[in-house]
>>> print(open('upload.cif').read())   # mmCIF, C-alpha atoms
data_entry
#
loop_
_atom_site.label_atom_id
_atom_site.label_comp_id
_atom_site.auth_asym_id
_atom_site.auth_seq_id
_atom_site.Cartn_x
_atom_site.Cartn_y
_atom_site.Cartn_z
CA MET A 76 10.83 17.92 -41.26
CA ILE A 77 7.97 15.85 -39.81
CA LEU A 78 9.86 12.59 -40.14
CA ARG A 79 13.02 14.04 -38.68
CA SER A 80 11.35 15.46 -35.61
CA ILE A 81 9.45 12.25 -34.95
CA LYS A 82 12.60 10.18 -35.39
CA LEU A 83 14.34 12.46 -32.95
CA ILE A 84 11.63 12.01 -30.36
CA LEU A 85 11.56 8.24 -30.79
CA LEU A 86 15.34 8.19 -30.38
CA PHE A 87 14.97 10.15 -27.18
CA PHE A 88 12.46 7.58 -25.91
CA LEU A 89 14.93 4.83 -26.72
CA ILE A 90 17.69 6.55 -24.76
CA ILE A 91 15.41 7.17 -21.80
CA SER A 92 14.31 3.55 -21.74
CA CYS A 93 17.96 2.49 -21.51
CA GLU A 94 18.51 4.20 -18.15
CA LYS A 95 20.01 2.12 -15.39
CA ASP A 96 17.83 0.08 -13.11
CA ASP A 97 17.55 0.98 -9.48
CA ILE A 98 19.77 -1.64 -7.94
CA CYS A 99 20.90 -1.90 -4.37
CA LEU A 100 24.64 -1.46 -4.30
CA GLU A 101 26.81 -3.63 -2.11
CA GLY A 102 27.85 -1.69 0.95
CA SER A 103 24.51 0.07 1.25
CA LEU A 104 22.91 0.17 4.67
CA ASN A 105 21.67 -3.17 5.82
CA THR A 106 19.81 -4.85 8.64
CA ASN A 107 22.23 -5.85 11.39
CA ARG A 108 22.24 -8.69 13.87
CA VAL A 109 22.62 -8.36 17.61
CA SER A 110 26.19 -8.89 18.86
CA ILE A 111 26.59 -10.88 22.02
CA GLY A 112 29.75 -11.23 24.12
CA PHE A 113 30.50 -13.63 26.95
CA ILE A 114 31.84 -12.87 30.42
CA ASN A 115 33.13 -15.64 32.63
CA MET A 116 31.93 -15.02 36.20
CA GLU A 117 35.06 -16.60 37.69
CA TYR A 118 37.58 -14.33 35.96
CA GLN A 119 35.23 -11.38 35.34
CA ASP A 120 36.54 -11.03 31.81
CA THR A 121 35.31 -11.51 28.25
CA THR A 122 36.02 -14.95 26.93
CA SER A 123 35.27 -17.18 23.98
CA ILE A 124 32.78 -19.95 24.36
CA ASN A 125 31.90 -23.14 22.53
CA LEU A 126 28.17 -23.47 22.14
CA ARG A 127 26.79 -26.70 20.74
CA ASN A 128 23.93 -25.15 18.79
CA ILE A 129 21.49 -22.28 18.77
CA ARG A 130 17.84 -22.30 17.82
CA GLY A 131 15.30 -19.56 17.71
CA LEU A 132 12.39 -19.89 20.10
CA ASN A 133 9.34 -21.30 18.25
CA ASN A 134 11.56 -22.14 15.28
CA ASP A 135 12.82 -25.65 14.60
CA SER A 136 15.84 -24.95 12.41
CA ILE A 137 19.30 -24.20 13.75
CA ILE A 138 20.73 -20.73 13.33
CA HIS A 139 23.80 -20.87 11.13
CA THR A 140 26.28 -18.46 12.58
CA ASN A 141 29.82 -18.50 13.88
CA ILE A 142 29.27 -20.36 17.15
CA GLY A 143 32.70 -20.82 18.69
CA GLY A 144 34.15 -17.41 19.34
CA LYS A 145 34.27 -14.32 21.47
CA LYS A 146 31.35 -12.75 19.72
CA LEU A 147 28.05 -14.25 18.73
CA ARG A 148 25.87 -12.54 16.14
CA LEU A 149 22.20 -13.49 16.10
CA PRO A 150 19.40 -12.38 13.78
CA LEU A 151 16.49 -10.59 15.40
CA ASN A 152 12.95 -11.13 14.22
CA ILE A 153 12.20 -7.94 12.28
CA SER A 154 8.44 -8.13 12.60
CA SER A 155 8.27 -8.69 16.35
CA ASN A 156 9.57 -6.85 19.38
CA LYS A 157 10.80 -9.94 21.12
CA THR A 158 13.11 -12.73 20.00
CA GLY A 159 14.02 -15.81 22.01
CA TYR A 160 17.01 -18.07 21.48
CA ILE A 161 17.69 -21.51 22.89
CA LEU A 162 21.40 -21.78 23.58
CA ASP A 163 22.91 -25.21 24.07
CA TYR A 164 26.16 -25.15 26.07
CA ASN A 165 27.62 -28.53 27.08
CA ASP A 166 24.17 -30.11 26.72
CA ILE A 167 22.66 -27.65 29.16
CA VAL A 168 19.94 -25.65 27.47
CA ASP A 169 19.09 -22.08 28.36
CA THR A 170 16.83 -19.45 26.85
CA LEU A 171 17.88 -15.92 26.09
CA SER A 172 15.10 -13.50 25.34
CA ILE A 173 15.71 -10.05 23.94
CA ASN A 174 13.11 -7.32 23.96
CA TYR A 175 13.59 -4.47 21.54
CA LYS A 176 11.97 -2.01 19.25
CA ALA A 177 12.36 -2.59 15.51
CA ILE A 178 12.55 0.63 13.49
CA HIS A 179 12.15 0.16 9.76
CA GLN A 180 13.99 2.72 7.70
CA TYR A 181 13.40 3.41 4.01
CA ILE A 182 16.58 3.58 1.91
CA ASP A 183 15.57 3.77 -1.78
CA ARG A 184 13.76 1.82 -4.49
CA GLY A 185 16.57 -0.68 -5.01
CA CYS A 186 17.24 -1.41 -1.34
CA GLY A 187 13.78 -0.93 0.08
CA PHE A 188 13.54 -0.94 3.85
CA ILE A 189 16.08 -2.02 6.44
CA SER A 190 15.57 -2.44 10.17
CA ASN A 191 17.40 -0.86 13.05
CA PHE A 192 16.82 -2.02 16.60
CA ILE A 193 16.83 -0.45 20.02
CA ILE A 194 17.11 -2.96 22.83
CA ASP A 195 14.62 -2.36 25.59
CA LYS A 196 16.60 -1.62 28.74
CA SER A 197 13.69 -1.88 31.10
CA SER A 198 12.93 -5.44 30.05
CA GLU A 199 14.62 -8.22 31.94
CA ASN A 200 16.17 -10.83 29.75
CA LEU A 201 14.80 -14.04 31.10
CA ASN A 202 16.74 -17.18 31.92
CA ASN A 203 15.94 -20.51 33.47
CA LEU A 204 17.04 -21.03 37.07
CA GLU A 205 18.82 -24.26 36.29
CA GLY A 206 20.40 -22.89 33.09
CA TRP A 207 23.99 -21.95 32.52
CA ILE A 208 23.38 -18.24 31.97
CA LYS A 209 23.80 -16.40 35.26
CA GLU A 210 23.12 -12.89 34.13
CA VAL A 211 22.61 -10.75 31.05
CA SER A 212 23.80 -7.18 30.81
CA ILE A 213 23.18 -4.63 28.08
CA ALA A 214 26.26 -2.75 26.91
CA LYS A 215 24.85 -0.84 23.94
CA ASP A 216 21.15 -0.66 23.32
CA SER A 217 21.09 0.59 19.71
CA ILE A 218 21.92 -1.76 16.85
CA PHE A 219 23.11 0.24 13.86
CA ASN A 220 26.19 -1.85 13.13
CA GLU A 221 27.64 -5.21 14.07
CA GLU A 222 30.95 -3.97 15.48
CA LYS A 223 29.90 -2.99 18.97
CA THR A 224 28.83 -5.68 21.44
CA ASN A 225 25.24 -5.09 22.52
CA LEU A 226 24.78 -7.75 25.18
CA TYR A 227 27.00 -9.68 27.54
CA ILE A 228 26.08 -13.10 28.82
CA HIS A 229 27.60 -13.84 32.20
CA PHE A 230 28.16 -17.51 32.92
CA MET B 202 29.87 -9.63 -51.67
CA LYS B 203 31.55 -6.42 -52.76
CA LYS B 204 29.12 -6.00 -55.62
CA LYS B 205 26.21 -6.31 -53.26
CA GLN B 206 27.54 -3.51 -51.05
CA ILE B 207 28.08 -1.28 -54.04
CA TYR B 208 24.50 -1.88 -55.15
CA ILE B 209 23.24 -1.07 -51.68
CA PHE B 210 25.26 2.12 -51.69
CA ILE B 211 23.91 3.20 -55.05
CA PHE B 212 20.39 2.36 -53.97
CA SER B 213 20.80 4.39 -50.76
CA LEU B 214 21.75 7.41 -52.85
CA PHE B 215 18.49 7.08 -54.73
CA THR B 216 16.47 6.90 -51.54
CA ILE B 217 18.05 10.11 -50.24
CA ASN B 218 17.19 11.83 -53.50
CA PHE B 219 13.72 10.43 -53.23
CA ILE B 220 13.18 11.87 -49.74
CA VAL B 221 14.59 15.26 -50.67
CA GLY B 222 12.48 15.24 -53.83
CA GLN B 223 9.36 14.53 -51.85
CA GLU B 224 9.97 17.41 -49.49
CA THR B 225 10.39 19.87 -52.31
CA THR B 226 7.17 18.76 -53.97
CA ASN B 227 5.38 19.15 -50.66
CA LYS B 228 6.62 22.68 -50.40
CA GLU B 229 5.20 23.44 -53.81
CA ILE B 230 1.82 22.19 -52.73
CA ASP B 231 2.05 24.22 -49.52
CA SER B 232 2.58 27.40 -51.46
CA ILE B 233 -0.66 26.84 -53.34
CA VAL B 234 -2.76 26.52 -50.15
CA VAL B 235 -4.94 29.54 -49.65
CA LYS B 236 -4.17 31.57 -46.57
CA LYS B 237 -6.84 31.20 -43.93
CA LYS B 238 -8.09 33.21 -41.01
CA LEU B 239 -5.77 33.05 -38.03
CA ILE B 240 -8.18 31.97 -35.34
CA ASN B 241 -10.63 29.39 -36.53
CA ILE B 242 -12.35 27.44 -33.77
CA ASP B 243 -13.98 24.66 -35.73
CA LYS B 244 -13.60 21.38 -33.89
CA LEU B 245 -14.12 20.04 -30.40
CA SER B 246 -12.89 16.54 -29.64
CA ILE B 247 -13.88 14.51 -26.65
CA GLY B 248 -12.62 11.05 -25.91
CA VAL B 249 -11.34 8.43 -23.54
CA ASP B 250 -8.18 6.44 -23.02
CA LEU B 251 -8.86 2.80 -23.86
CA TYR B 252 -5.89 1.30 -22.04
CA LYS B 253 -6.43 2.40 -18.44
CA PRO B 254 -9.94 1.02 -17.84
CA ILE B 255 -8.99 -2.32 -19.43
CA TYR B 256 -5.78 -2.57 -17.41
CA SER B 257 -7.55 -1.76 -14.16
CA SER B 258 -10.35 -4.26 -14.73
CA ILE B 259 -7.92 -7.04 -15.66
CA ASN B 260 -5.93 -6.41 -12.50
CA ASN B 261 -8.97 -6.09 -10.20
CA ASP B 262 -8.17 -2.51 -9.29
CA ASP B 263 -10.84 0.14 -9.02
CA LEU B 264 -11.81 1.63 -12.38
CA SER B 265 -9.15 3.92 -13.80
CA TYR B 266 -10.05 6.29 -16.59
CA GLU B 267 -8.83 9.27 -18.54
CA LEU B 268 -11.03 11.79 -20.31
CA ILE B 269 -9.56 13.68 -23.21
CA THR B 270 -10.72 16.95 -24.70
CA SER B 271 -9.19 19.15 -27.30
CA LEU B 272 -10.34 22.27 -29.06
CA ARG B 273 -8.85 23.27 -32.39
CA ILE B 274 -8.23 26.98 -32.45
CA PHE B 275 -5.84 27.45 -35.38
CA GLU B 276 -5.54 25.32 -38.45
CA ASP B 277 -2.86 23.03 -36.97
CA PHE B 278 -3.03 24.02 -33.36
CA SER B 279 -5.32 22.72 -30.62
CA ILE B 280 -5.50 23.28 -26.93
CA ALA B 281 -5.81 19.95 -25.20
CA SER B 282 -6.34 18.47 -21.79
CA GLU B 283 -6.57 15.13 -20.04
CA ILE B 284 -8.31 14.48 -16.75
CA GLY B 285 -7.79 11.12 -15.14
CA SER B 286 -8.34 9.01 -12.08
CA LEU B 287 -6.20 6.03 -11.31
CA ASP B 288 -6.07 3.12 -8.90
CA ARG B 289 -3.23 0.67 -9.32
CA TYR B 290 -1.60 -2.03 -7.23
CA ILE B 291 2.11 -1.97 -7.93
CA GLU B 292 4.51 -4.79 -7.21
CA ASP B 293 7.86 -3.10 -7.04
CA GLU B 294 11.24 -4.66 -6.33
CA ASN B 295 10.91 -4.53 -2.57
CA VAL B 296 7.70 -2.72 -1.78
CA ASN B 297 4.14 -3.50 -2.87
CA PHE B 298 1.84 -0.54 -2.73
CA THR B 299 -1.42 0.87 -4.05
CA SER B 300 -1.35 4.18 -5.83
CA THR B 301 -4.60 6.11 -6.12
CA GLY B 302 -5.16 9.62 -7.29
CA GLU B 303 -6.38 12.17 -9.79
CA TYR B 304 -4.52 14.22 -12.32
CA ILE B 305 -5.06 17.05 -14.77
CA LYS B 306 -2.95 17.74 -17.82
CA PHE B 307 -3.33 20.91 -19.85
CA GLY B 308 -1.48 22.07 -22.93
CA PHE B 309 -1.51 22.02 -26.70
CA ASP B 310 -1.11 19.81 -29.74
CA TYR B 311 0.50 20.93 -32.95
CA ASN B 312 -0.37 18.97 -36.09
CA LEU B 313 2.45 18.29 -38.55
CA PHE B 314 0.55 16.20 -41.05
CA ASN B 315 -0.68 17.63 -44.31
CA ASN B 316 -3.97 16.00 -45.15
CA TRP B 317 -5.44 15.45 -48.54
CA THR B 318 -8.63 17.37 -49.06
CA GLY B 319 -11.47 15.84 -47.13
CA MET B 320 -9.28 13.78 -44.84
CA ASP B 321 -8.56 14.65 -41.25
CA ASN B 322 -5.78 12.54 -39.77
CA SER B 323 -2.94 13.92 -37.74
CA ILE B 324 0.57 13.33 -36.57
CA TYR B 325 1.13 15.77 -33.79
CA LEU B 326 3.59 17.04 -31.26
CA GLY B 327 2.36 18.38 -27.99
CA MET B 328 3.17 19.66 -24.59
CA ARG B 329 1.32 19.47 -21.29
CA PHE B 330 1.59 20.88 -17.85
CA ALA B 331 0.34 18.31 -15.40
CA THR B 332 -0.47 18.08 -11.74
CA SER B 333 -1.52 15.15 -9.64
CA SER B 334 -2.92 14.66 -6.17
CA PHE B 335 -2.58 11.14 -4.88
CA ASN B 336 -2.05 8.58 -2.11
CA ASN B 337 0.49 5.80 -1.99
CA LYS B 338 -0.48 3.09 0.47
CA ILE B 339 2.17 0.51 1.32
CA ASP B 340 0.59 -2.95 1.44
CA SER B 341 3.63 -5.11 2.10
CA TYR B 342 7.37 -5.11 1.72
CA THR B 343 10.40 -7.34 1.94
CA LEU B 344 12.97 -6.03 4.35
CA ARG B 345 16.58 -5.94 3.21
CA ASN B 346 18.33 -8.39 5.50
CA PRO B 347 21.28 -10.69 4.73
CA ASP B 348 19.96 -13.13 7.32
CA SER B 349 16.75 -14.94 6.45
CA TYR B 350 16.34 -17.09 9.56
CA TRP B 351 13.21 -15.17 10.48
CA SER B 352 10.81 -14.06 7.79
CA ASN B 353 11.65 -10.70 6.22
CA ASN B 354 8.19 -10.09 4.81
CA VAL B 355 6.17 -7.35 6.47
CA SER B 356 2.54 -7.18 5.55
CA ASP B 357 0.41 -5.55 8.21
CA ASN B 358 2.52 -3.54 10.62
CA TYR B 359 5.48 -1.16 10.84
CA GLU B 360 5.70 0.96 7.71
CA THR B 361 2.52 -0.30 6.02
CA ILE B 362 1.15 3.21 6.04
CA ASN B 363 -1.14 5.16 3.75
CA HIS B 364 0.95 8.13 2.62
CA SER B 365 -1.89 10.45 1.74
CA ASN B 366 -2.13 14.00 0.39
CA GLN B 367 0.84 13.71 -1.90
CA SER B 368 1.21 15.95 -4.93
CA ALA B 369 3.45 16.32 -7.95
CA ASN B 370 3.84 18.58 -10.99
CA TRP B 371 5.48 17.78 -14.25
CA ILE B 372 5.78 18.69 -17.95
CA GLU B 373 5.03 16.25 -20.74
CA LEU B 374 6.34 16.26 -24.28
CA LEU B 375 4.37 14.04 -26.56
CA VAL B 376 4.14 12.69 -30.05
CA GLY B 377 0.99 11.04 -31.32
CA ILE B 378 -1.07 10.01 -34.26
CA LYS B 379 -4.79 10.18 -34.74
CA VAL B 380 -6.67 8.45 -37.55
CA GLU B 381 -10.27 8.97 -38.56
CA THR B 382 -11.72 5.46 -38.68
CA ILE B 383 -15.44 6.13 -39.00
CA ASN B 384 -17.09 9.51 -39.58
CA ASN B 385 -15.90 11.82 -36.80
CA ILE B 386 -14.57 8.93 -34.73
CA TYR B 387 -10.81 8.77 -34.31
CA LEU B 388 -8.40 6.19 -32.96
CA GLY B 389 -5.02 7.32 -31.78
CA ILE B 390 -1.95 6.68 -29.74
CA SER B 391 0.43 9.07 -28.06
CA LEU B 392 3.81 8.56 -26.45
CA ARG B 393 4.77 10.88 -23.67
CA LEU B 394 8.03 11.93 -22.13
CA ASN B 395 7.60 13.35 -18.65
CA ARG B 396 9.88 15.65 -16.74
CA LEU B 397 9.14 15.92 -13.04
CA LEU B 398 9.16 19.45 -11.66
CA SER B 399 8.17 18.86 -8.07
CA ASN B 400 7.18 15.94 -5.93
CA THR B 401 6.40 15.67 -2.25
CA THR B 402 8.42 13.26 -0.13
CA PRO B 403 6.41 11.31 2.42
CA TYR B 404 7.96 10.44 5.77
CA ASN B 405 10.22 7.36 5.54
CA PHE B 406 9.21 6.53 1.97
CA ASN B 407 9.36 7.90 -1.57
CA ASN B 408 6.64 8.31 -4.15
CA LEU B 409 7.72 5.50 -6.46
CA TYR B 410 4.64 5.99 -8.62
CA ILE B 411 2.58 9.04 -9.47
CA PRO B 412 -0.81 8.63 -11.20
CA GLY B 413 -0.51 10.23 -14.64
CA PHE B 414 3.28 10.41 -14.45
CA ASN B 415 3.85 6.68 -13.92
CA LYS B 416 7.03 5.18 -12.50
CA VAL B 417 9.42 7.50 -10.71
CA THR B 418 13.04 6.40 -10.60
CA ASP B 419 15.65 7.38 -8.04
CA ASP B 420 18.06 10.18 -9.06
CA ASN B 421 16.19 10.73 -12.31
CA SER B 422 13.34 13.09 -12.94
CA TRP B 423 12.34 11.67 -16.34
CA GLY B 424 9.43 9.34 -16.88
CA SER B 425 7.33 8.09 -19.72
CA GLY B 426 3.77 7.18 -20.57
CA PHE B 427 1.35 6.54 -23.35
CA ASN B 428 -2.34 6.36 -24.11
CA TYR B 429 -4.61 4.78 -26.68
CA THR B 430 -7.38 7.17 -27.48
CA LEU B 431 -10.86 6.88 -28.86
CA THR B 432 -12.23 10.32 -29.60
CA TYR B 433 -15.35 11.78 -31.08
CA SER B 434 -15.08 15.00 -32.98
CA LEU B 435 -17.80 17.58 -32.85
CA PRO B 436 -17.63 20.02 -35.75
CA LEU B 437 -18.35 23.55 -34.65
CA ASN B 438 -19.50 25.33 -37.76
CA PHE B 439 -19.56 28.90 -36.58
CA ASN B 440 -18.29 29.92 -39.93
CA LYS B 441 -19.62 27.54 -42.55
CA LYS B 442 -17.66 28.89 -45.46
CA ALA B 443 -14.31 28.66 -43.69
CA SER B 444 -14.82 25.29 -42.08
CA LYS B 445 -14.79 23.25 -45.27
CA LYS B 446 -12.03 23.35 -47.82
#
>>> encode(input="upload.cif", output="structure tokens")
Amino acid sequence: MILRSIKLILLFFLIISCEKDDICLEGSLNTNRVSIGFINMEYQDTTSINLRNIRGLNNDSIIHTNIGGKKLRLPLNISSNKTGYILDYNDIVDTLSINYKAIHQYIDRGCGFISNFIIDKSSENLNNLEGWIKEVSIAKDSIFNEEKTNLYIHF
Amino acid sequence: MKKKQIYIFIFSLFTINFIVGQETTNKEIDSIVVKKKLINIDKLSIGVDLYKPIYSSINNDDLSYELITSLRIFEDFSIASEIGSLDRYIEDENVNFTSTGEYIKFGFDYNLFNNWTGMDNSIYLGMRFATSSFNNKIDSYTLRNPDSYWSNNVSDNYETINHSNQSANWIELLVGIKVETINNIYLGISLRLNRLLSNTTPYNFNNLYIPGFNKVTDDNSWGSGFNYTLTYSLPLNFNKKASKK
């Protein structure tokens, strides 16, 4: 009787200890990048563009992303409310600066936190006078997915 | 090969008989035992958990401790309680946080072990109702982000918040043993299975750890724990004739 009940309890412990780990499943919510489109000032229409390279401001390494296309997706700095990018187009360098609010959202133990962003509309996105970027317009200020284009660069 | 298996089979039959035989002899002894008074408060045990203070001092946390008391009221039945205070830095998968808090557990132990005369060891089953009041302070976390161009470690802003005034209730089922090592001094261990009854949810976080309950997993209200106990037993000889066999 004693042995049996203790065995039973130990067995129960064994089963409990075999429960699944808290893993983050693929397809769970994730931190998204900012999507940038390009508008040619001459034709007033979205167009693809061939940038030479992109660096983050105050960061020496090149951002690896799909450069030649209609849409550019760039990672935002999750622990700042401002990220600058140096965009090289035909050897002309220009700086794009995005102001935003990073909102960190808790998912669960496996996934931890992700970040959503709200682009600050009041802030002007700066550009050099002699650069190739003429204007920056905000199309959608909240970044909860990567499908919608958030910013347009006019050139 | 075949022979060996046959021998094992025959041997296993003997062992079954042996176990059954032992139980029957035990029963015979039980029937001889003189019936005692129903309520017989004769022993108060006080003790500490050895594991928690050692763990906390090794890991440079504030001192954690657990005080244990039990009062034997029937021959095999004691009411028991644990009171503890805990401070622990926890490195979880994504979030590092410090859990601090106090807890109280209250319930009973039921002894299943038949001692020889003069000995006082026990193998016991028990149950506790427990409640804890605690804080979980997030120290740092790694943000989930497929892009690692910028650092994804957050250590002193955003959600690094102290989630205070949290509380939880749970039930524990436990099995333990207690052995008298020196006169009236016992060493023991107990394993505990915890079932969470209620737990507060802080804003934009979850209580991944509850002092006393230990790790809380998502979508699962079961947990587990253990303690190593050192207890001192105080004989309460209200009734001298009944207290000694």
>>> residues_around(input="upload.cif", residues="Lys223 in chain A", least_positions_apart="3", cutoff="10 Å", atoms="only C-alpha atoms", output="PyMOL selection string")
chain A and resi 109-112+146+214-215+217-220+226
>>> resolve_selection(input="upload.cif", expression="the PyMOL selection byres ((chain B) within 7 of (chain A))", output="list of chain:residue names")
B:Glu294, B:Asn295, B:Val296, B:Leu313, B:Leu344, B:Arg345, B:Asn346, B:Asp348, B:Tyr350, B:Trp351, B:Asn353, B:Val355, B:Tyr359, B:Glu360, B:Asn405, B:Phe406, B:Asp419
>>> residues_near_point(input="upload.cif", point="(17.9, -16.8, 28.7)", cutoff="12 Å", atoms="all atoms listed in the file", output="VMD selection string")
chain A and resid 129 131 to 132 158 to 163 167 to 174 199 to 212 226 to 230
>>> atom_distance(input="upload.cif", atom1="CA of Lys253 in chain B", atom2="CA of Ile390 in chain B")
12.9 Å
>>> resolve_selection(input="upload.cif", expression="the PyMOL selection byres ((chain B and resi 308) around 12)", output="list in words")
Ile269, Thr270, Ser271, Leu272, Phe278, Ser279, Ile280, Ala281, Ser282, Glu283, Ile284, Ile305, Lys306, Phe307, Phe309, Asp310, Tyr311, Leu326, Gly327, Met328, Arg329, Phe330, Ala331, Thr332, Trp371, Ile372, Glu373, Leu374 and Leu375 of chain B
>>> resolve_selection(input="upload.cif", expression="the PyMOL selection byres ((chain B and resi 335) around 9)", output="MDAnalysis selection string")
chainID B and resid 287 300:304 333:334 336:337 364:369 411:412
>>> write_last_selection(input="upload.cif", atoms="C-alpha atoms", output="mmCIF file, keeping the file's coordinate frame")
data_model
loop_
_atom_site.group_PDB
_atom_site.id
_atom_site.type_symbol
_atom_site.label_atom_id
_atom_site.label_comp_id
_atom_site.auth_asym_id
_atom_site.auth_seq_id
_atom_site.Cartn_x
_atom_site.Cartn_y
_atom_site.Cartn_z
ATOM 1 C CA LEU B 287 -6.200 6.030 -11.310
ATOM 2 C CA SER B 300 -1.350 4.180 -5.830
ATOM 3 C CA THR B 301 -4.600 6.110 -6.120
ATOM 4 C CA GLY B 302 -5.160 9.620 -7.290
ATOM 5 C CA GLU B 303 -6.380 12.170 -9.790
ATOM 6 C CA TYR B 304 -4.520 14.220 -12.320
ATOM 7 C CA SER B 333 -1.520 15.150 -9.640
ATOM 8 C CA SER B 334 -2.920 14.660 -6.170
ATOM 9 C CA ASN B 336 -2.050 8.580 -2.110
ATOM 10 C CA ASN B 337 0.490 5.800 -1.990
ATOM 11 C CA HIS B 364 0.950 8.130 2.620
ATOM 12 C CA SER B 365 -1.890 10.450 1.740
ATOM 13 C CA ASN B 366 -2.130 14.000 0.390
ATOM 14 C CA GLN B 367 0.840 13.710 -1.900
ATOM 15 C CA SER B 368 1.210 15.950 -4.930
ATOM 16 C CA ALA B 369 3.450 16.320 -7.950
ATOM 17 C CA ILE B 411 2.580 9.040 -9.470
ATOM 18 C CA PRO B 412 -0.810 8.630 -11.200
#
>>> axis_aligned_box(input="upload.cif", around="range 139-149 of chain A", padding_each_side="4 Å", output="lines of an AutoDock Vina configuration file")
center_x = 28.2
center_y = -16.7
center_z = 16.3
size_x = 20.1
size_y = 16.3
size_z = 18.3
>>> residues_around(input="upload.cif", residues="Asp250 in chain B", least_positions_apart="6", cutoff="8 Å", atoms="all atoms listed in the file", output="list of chain:residue names")
B:Tyr266, B:Glu267, B:Leu268, B:Ile269, B:Asn428, B:Tyr429, B:Thr430, B:Leu431
>>> closest_residue(input="upload.cif", among="B:Asn370, B:Asn241, B:Asn385, B:Ser323", to="Leu398 in chain B", atoms="all atoms listed in the file")
B:Asn370
>>> atom_distance(input="upload.cif", atom1="CA of Arg396 in chain B", atom2="CA of Leu83 in chain A")
17.1 Å
>>> closest_residue(input="upload.cif", among="A:Gln119, A:Asn225, A:Asn128, A:Asn191", to="Gly143 in chain A", atoms="only C-alpha atoms")
A:Asn128
>>> atom_distance(input="upload.cif", atom1="CA of Leu394 in chain B", atom2="CA of Asn415 in chain B")
10.6 Å
>>> residues_near_point(input="upload.cif", point="(-2.6, 3.1, 3.7)", cutoff="6 Å", atoms="only C-alpha atoms", output="PyMOL selection string")
chain B and resi 338-339+362-363
>>> build_atoms(input="upload.cif", residues="range 98-112 of chain A", atoms="N, CA and C atoms", output="PDB file, in the coordinates of the input")
ATOM      1  N   ILE A  98      19.284  -0.445  -8.639  1.00  0.00           N
ATOM      2  CA  ILE A  98      19.770  -1.640  -7.940  1.00  0.00           C
ATOM      3  C   ILE A  98      20.363  -1.229  -6.604  1.00  0.00           C
ATOM      4  N   CYS A  99      20.349  -2.170  -5.687  1.00  0.00           N
ATOM      5  CA  CYS A  99      20.900  -1.900  -4.370  1.00  0.00           C
ATOM      6  C   CYS A  99      22.376  -2.242  -4.387  1.00  0.00           C
ATOM      7  N   LEU A 100      23.201  -1.239  -4.223  1.00  0.00           N
ATOM      8  CA  LEU A 100      24.640  -1.460  -4.300  1.00  0.00           C
ATOM      9  C   LEU A 100      25.143  -2.181  -3.048  1.00  0.00           C
ATOM     10  N   GLU A 101      26.192  -2.975  -3.253  1.00  0.00           N
ATOM     11  CA  GLU A 101      26.810  -3.630  -2.110  1.00  0.00           C
ATOM     12  C   GLU A 101      27.437  -2.551  -1.237  1.00  0.00           C
ATOM     13  N   GLY A 102      27.325  -2.705   0.051  1.00  0.00           N
ATOM     14  CA  GLY A 102      27.850  -1.690   0.950  1.00  0.00           C
ATOM     15  C   GLY A 102      26.809  -0.671   1.361  1.00  0.00           C
ATOM     16  N   SER A 103      25.594  -0.783   0.788  1.00  0.00           N
ATOM     17  CA  SER A 103      24.510   0.070   1.250  1.00  0.00           C
ATOM     18  C   SER A 103      24.117  -0.350   2.663  1.00  0.00           C
ATOM     19  N   LEU A 104      23.376   0.497   3.318  1.00  0.00           N
ATOM     20  CA  LEU A 104      22.910   0.170   4.670  1.00  0.00           C
ATOM     21  C   LEU A 104      22.161  -1.149   4.673  1.00  0.00           C
ATOM     22  N   ASN A 105      22.277  -1.860   5.753  1.00  0.00           N
ATOM     23  CA  ASN A 105      21.670  -3.170   5.820  1.00  0.00           C
ATOM     24  C   ASN A 105      21.138  -3.435   7.227  1.00  0.00           C
ATOM     25  N   THR A 106      20.318  -4.458   7.331  1.00  0.00           N
ATOM     26  CA  THR A 106      19.810  -4.850   8.640  1.00  0.00           C
ATOM     27  C   THR A 106      20.918  -5.612   9.387  1.00  0.00           C
ATOM     28  N   ASN A 107      21.145  -5.238  10.622  1.00  0.00           N
ATOM     29  CA  ASN A 107      22.230  -5.850  11.390  1.00  0.00           C
ATOM     30  C   ASN A 107      21.702  -6.827  12.426  1.00  0.00           C
ATOM     31  N   ARG A 108      22.580  -7.722  12.828  1.00  0.00           N
ATOM     32  CA  ARG A 108      22.240  -8.690  13.870  1.00  0.00           C
ATOM     33  C   ARG A 108      22.673  -8.125  15.228  1.00  0.00           C
ATOM     34  N   VAL A 109      22.211  -8.766  16.268  1.00  0.00           N
ATOM     35  CA  VAL A 109      22.620  -8.360  17.610  1.00  0.00           C
ATOM     36  C   VAL A 109      23.938  -9.076  17.929  1.00  0.00           C
ATOM     37  N   SER A 110      24.881  -8.316  18.513  1.00  0.00           N
ATOM     38  CA  SER A 110      26.190  -8.890  18.860  1.00  0.00           C
ATOM     39  C   SER A 110      26.221  -9.213  20.351  1.00  0.00           C
ATOM     40  N   ILE A 111      26.604 -10.426  20.636  1.00  0.00           N
ATOM     41  CA  ILE A 111      26.590 -10.880  22.020  1.00  0.00           C
ATOM     42  C   ILE A 111      27.993 -11.311  22.429  1.00  0.00           C
ATOM     43  N   GLY A 112      28.453 -10.823  23.565  1.00  0.00           N
ATOM     44  CA  GLY A 112      29.750 -11.230  24.120  1.00  0.00           C
ATOM     45  C   GLY A 112      29.544 -12.102  25.349  1.00  0.00           C
TER      46      GLY A 112
END
